[in-house]
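Only one structure is covered here, and it is reproduced in the block below.
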Amino acid sequence: MSLLVGLFFAIGTYLILTKSLLRIILGTSIISHGVHLLILTMGGLKTGGPPLLGLQDLPFTDALPQALILTAIVINFATTALFLVLSYRAYKVLGTDDTDQMRGNHDE
Amino acid sequence: MSWLHIMILIPFLFAIIVPFIYRVFAPRIHTGWFVLSVPSVIFLYLLMYIPIISTGETILISVPWIPSYGINYTTYIDGLSLVFGLVITGIGALVVLYSIYYMSKLKESLHNFYVYLLLFMGAMLGLVFSDNILVLYVFWELTSISSFLLIAYWYQRERSRYGAQKSMNITIFGGLAMLAGFIMLSMMTETYSIREMINQTDSIYEHSLFLPAMILLLLGAFTKSAQFPFSIWLPDAMEAPTPISAYLHSATMVKAGIYLVARMTPIFGGTPEWFWLVTSAGLITLLYGSLTAVKQTDLKALLAYSTISQLGLIMSLLGMGSASLYYGTGDEASMYAAAVLAAIFHLINHSTFKGSLFMVVGIIDHETGTRDIRRLGGLMHLMPISFTLAIIGGFSMAGLPPFNGFLSKEMFFTAVLNASDMSIFSMESLGVIIPVIAWAASVFTFIYCMILIFKTFTGKYKPKKLEKAAHEAPVGMLVPPVILSSLVIIIFFFPNVLSQYILKPAMGAVLPAYSQPGEIEIKISAWHGWNTELFMTLGVVGAGTFLYLYLKKWIGIYSIYPYSMTFNNFYNQGLGKIEDMSLTLTKSYMTGFIRDYFVYVFTFLIIIIGGSMLFLDGAAFDAGNNAPVSIYEGVLIISMITAALTVLFSKSRLTAIVAVGALGYLVSLFFVIFRAPDLALTQLVVETVTTALFLLCFYHLPEIRREAVRVKFRMTNLVISLGVGAIVAILALSANGTRLFEPIAYYYENSYELAGARNIVNAILVDFRGIDTMLEIFVLGIASLGVYTLVKLRISGRDRSERTK
Amino acid sequence: MKEPNDIILHAVIKVAVVIIFTFSINLFFSGHHNPGGGFIGGLGFSAALTLLFLAFDIETVRQNIPVDFKVLTAIGVLIAVFTGVGGIVFGAPFLTQAFNYFDIPVFGKTELATAVLFDIGVAMAVIGTSMSIILSIGDDH
């Protein structure tokens, strides 16, 4: 499980380090999956009952990480959308999706 | 809050309302009239303390500022701070009055001017009245900043900006050194209060940090007080308007270093290191300043160097006076204590005569349009009052009777003669040099005073070289220098009144052994028989007159010394080099390529997390908490790995997107397995919407190209990403294996009773951690607005570039 | 957006959207005790709407659902904030949620919690956000 998280991070990082905007966005999205799984892992993978009271008398899994992840997922959705639109506009305005060509003014 | 605190805060508060006053009354009434009330009121208020302080009492009022760090805003009034407070507000009031006539109310942006001036005044008052070293430091830097702003007041001029930057660089550098010294001091004594430090003098002296702390503190003091070789900023600071030069750069701010040395004398004084450092710095500065002043052709530059030289004089007096602490009490101790008295006496005298001289120079500048000695001359008949004022100030500075400068100069000679007889601090061999330096410097002081007076006011009037026809200044401009000049004479005739009420308490603050009145009898008198001091003065006058008359013959000597060897040149070269170097350094890593920045980020991530895990033994593996991997999970993991790798190696964007989407669905399946139904549902829907979004966007975006990149590039990426992956995997494993405390989730189990909800996750979201969720939807809203703006509203500039593409 | 002139798609989606709507509303209300809640309900709702937009023309749908989703977001956030402020009005800390049981004629014994109000705000914000993002992108050519 943890190894999977590591793999997600490795692939995501590799994608972010490439020059294409597309790949960078895909990379962030993979890393965020990794983060979700990481938080879940940290909460312990005791496969207990779902955190619903009154369902059955099993021990629950840790509900706090789940709440955190739920928030993370939704925020991730918003930021991904923003990032997408940003890159889309950048591509339209600058005519490239190569980050190397997207440098600002050269005399900073 | 006591009245004293309020008095210190008044300038700051008034600075806030000055712009409004300016706006309301702007061209009709000069803003200075309003500002004038501030220093006047504080001056009168401080006068009330003289009777209390002169009996040897001190006043300590404390207001907590940052109590958790033991930082209190403690005001402390003793003789020393009172002297400074009076000088600051007294000269301040006169300078404001003078500036009303000097600064045109039509042309100048007066609100800026007076805001900076009040800022400075408040900072300076805070500096001298605070007992807490950190508060003192804050005010110290505030004076540097306000001085910077005032020097650059005419920011259109390049010289002003240069001078402001220079003074800022040097004084802030010194201030930082001083801060380090302060911190060392507080480490030694475990207090921030100067009072309490003085009580622990013995333990400080034995501490290993004693010498570093002392040197750092002195660096601060020397830079502020323009001691050699840090004096180079003061002449350039003369670009400020003349009232400012009179106020900051001769009467008050440059004396902050003197104040610090005097304040710290009870802590460090009585040791050979302190004695030698302070005395020699002072003497060298004295000689250097007077020698350099002689060759100046700009009146203000001349005054600047003379200020440097006079500051050196005061500094050396304080240094020699510190020997008194070595002896404690007794005849020898009081002999050197006289030097401290002389230092404070000269400090006051210098403020009076130098202030009036600056104002006279300002008048000349204002009425003739130039300060160049070569273009001036014969103003005696045109400006008789200014001439008289210049004579009073100049003769006082030269050390002639019947002006106060004579008294303090005589006391200075007494002090150097005493010092040369000193039998401690290995003075036997070197002691002779001190009177010689002092005498030579006095000769040159005499010469430049004569230059200042006679080159400007006598000789031939050269109206063609002047921009305006010279005439006497308006009355208001003459009042402040007249007051100061009359003080110069009054002090000469009644020095002991001043001494009784002001100087002795101040001396008591520097030398705690004499803090009670009546323990020491020092009479200041103009006539004390035909002694060595008098002969020295006569010699100064004789040699000075002789050299002044033959000035043309030997002035050429100065040009022998090459400019490239001056400290000014070193400063300019050094500054240029540093700027170049930092530019190169910054450019070397701020490449502008986003990938490079990512490389930095990830590399530091690996180093920091990996390093801390390595050194703090954070990596602990414990499989005990892990649930066994079932077949379902195994299959899921394998398919997730496949999906992730597909993203990595896919050649078409569609494959990549679909693979990422598949990954998301698989993750949501994982959530199901790990008993997180809410998550699974959310993930499922989010993934759907996100994938739709991706597809929409990629409809417009280009196809992923084959990246034709070098192997090295790929290898770097590979290494870094593998590193990140490994680090995170280890992190996850050890987080899994380490249980520091019970999961707090058990506290949520009574969610049904508390929130009426059986779904704990939901109860956490909407109830227990409601603010989180609320802010989260804020984020959502902001993101949607951002997207909307990006797509719909186009900035006209961008649109244009889009069209050109 | 191109118009996929597909009758089968239209027919299926008309049914599917209704089902999804019902399901997401169900999810939303069950959120208090069972899996579900504001986020999921809102997202499900917007997924259904997206489906509609995909199947039909944007203009057609917009005529039938004349809602400005940006305003919806704002309303949602406001509702959430005001339920929080409500806590303050009754002297409790910000965002304190209350609940009680009422006997409502048709539904029988029903629990009403202010948390549900808050959740409605969340759901509206989520719907507004996701829809305005999608519509902005989809509109742009």
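Lettering and numbering for the structure tokens are positional, with chains as A, B, ... in the shown order, residues counted from 1 in each chain, and ligands counted from 1 in the shown order.
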Q: For His471 in chain B, please output as a count of residues only all residues within 8 Å (counting only C-alpha atoms; exclusion window: fewer than 6 positions along the same chain).
A: 4
Q) With distances taken over only C-alpha atoms, which of C:Lys70, C:Gln63, C:Ile8, C:Gly37 is nearest to Val116 in chain C? A) C:Gly37
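Using only C-alpha atoms, the smallest distance between any of A:Leu64, A:Leu7, A:Phe83, A:Leu17 and Tyr597 in chain B comes from A:Leu17.
Residues in contact range of Leu317 in chain B, defined as at most 6 Å between only C-alpha atoms, with sequence neighbours fewer than 3 positions away removed, read Ile314, Met320, Gly321, Ala339 and Ala343 of chain B.
For the choices C:Phe69, C:Phe39, C:Phe56, C:Phe45, the atom-to-atom distance to chain A is smallest for C:Phe39 when using only C-alpha atoms.
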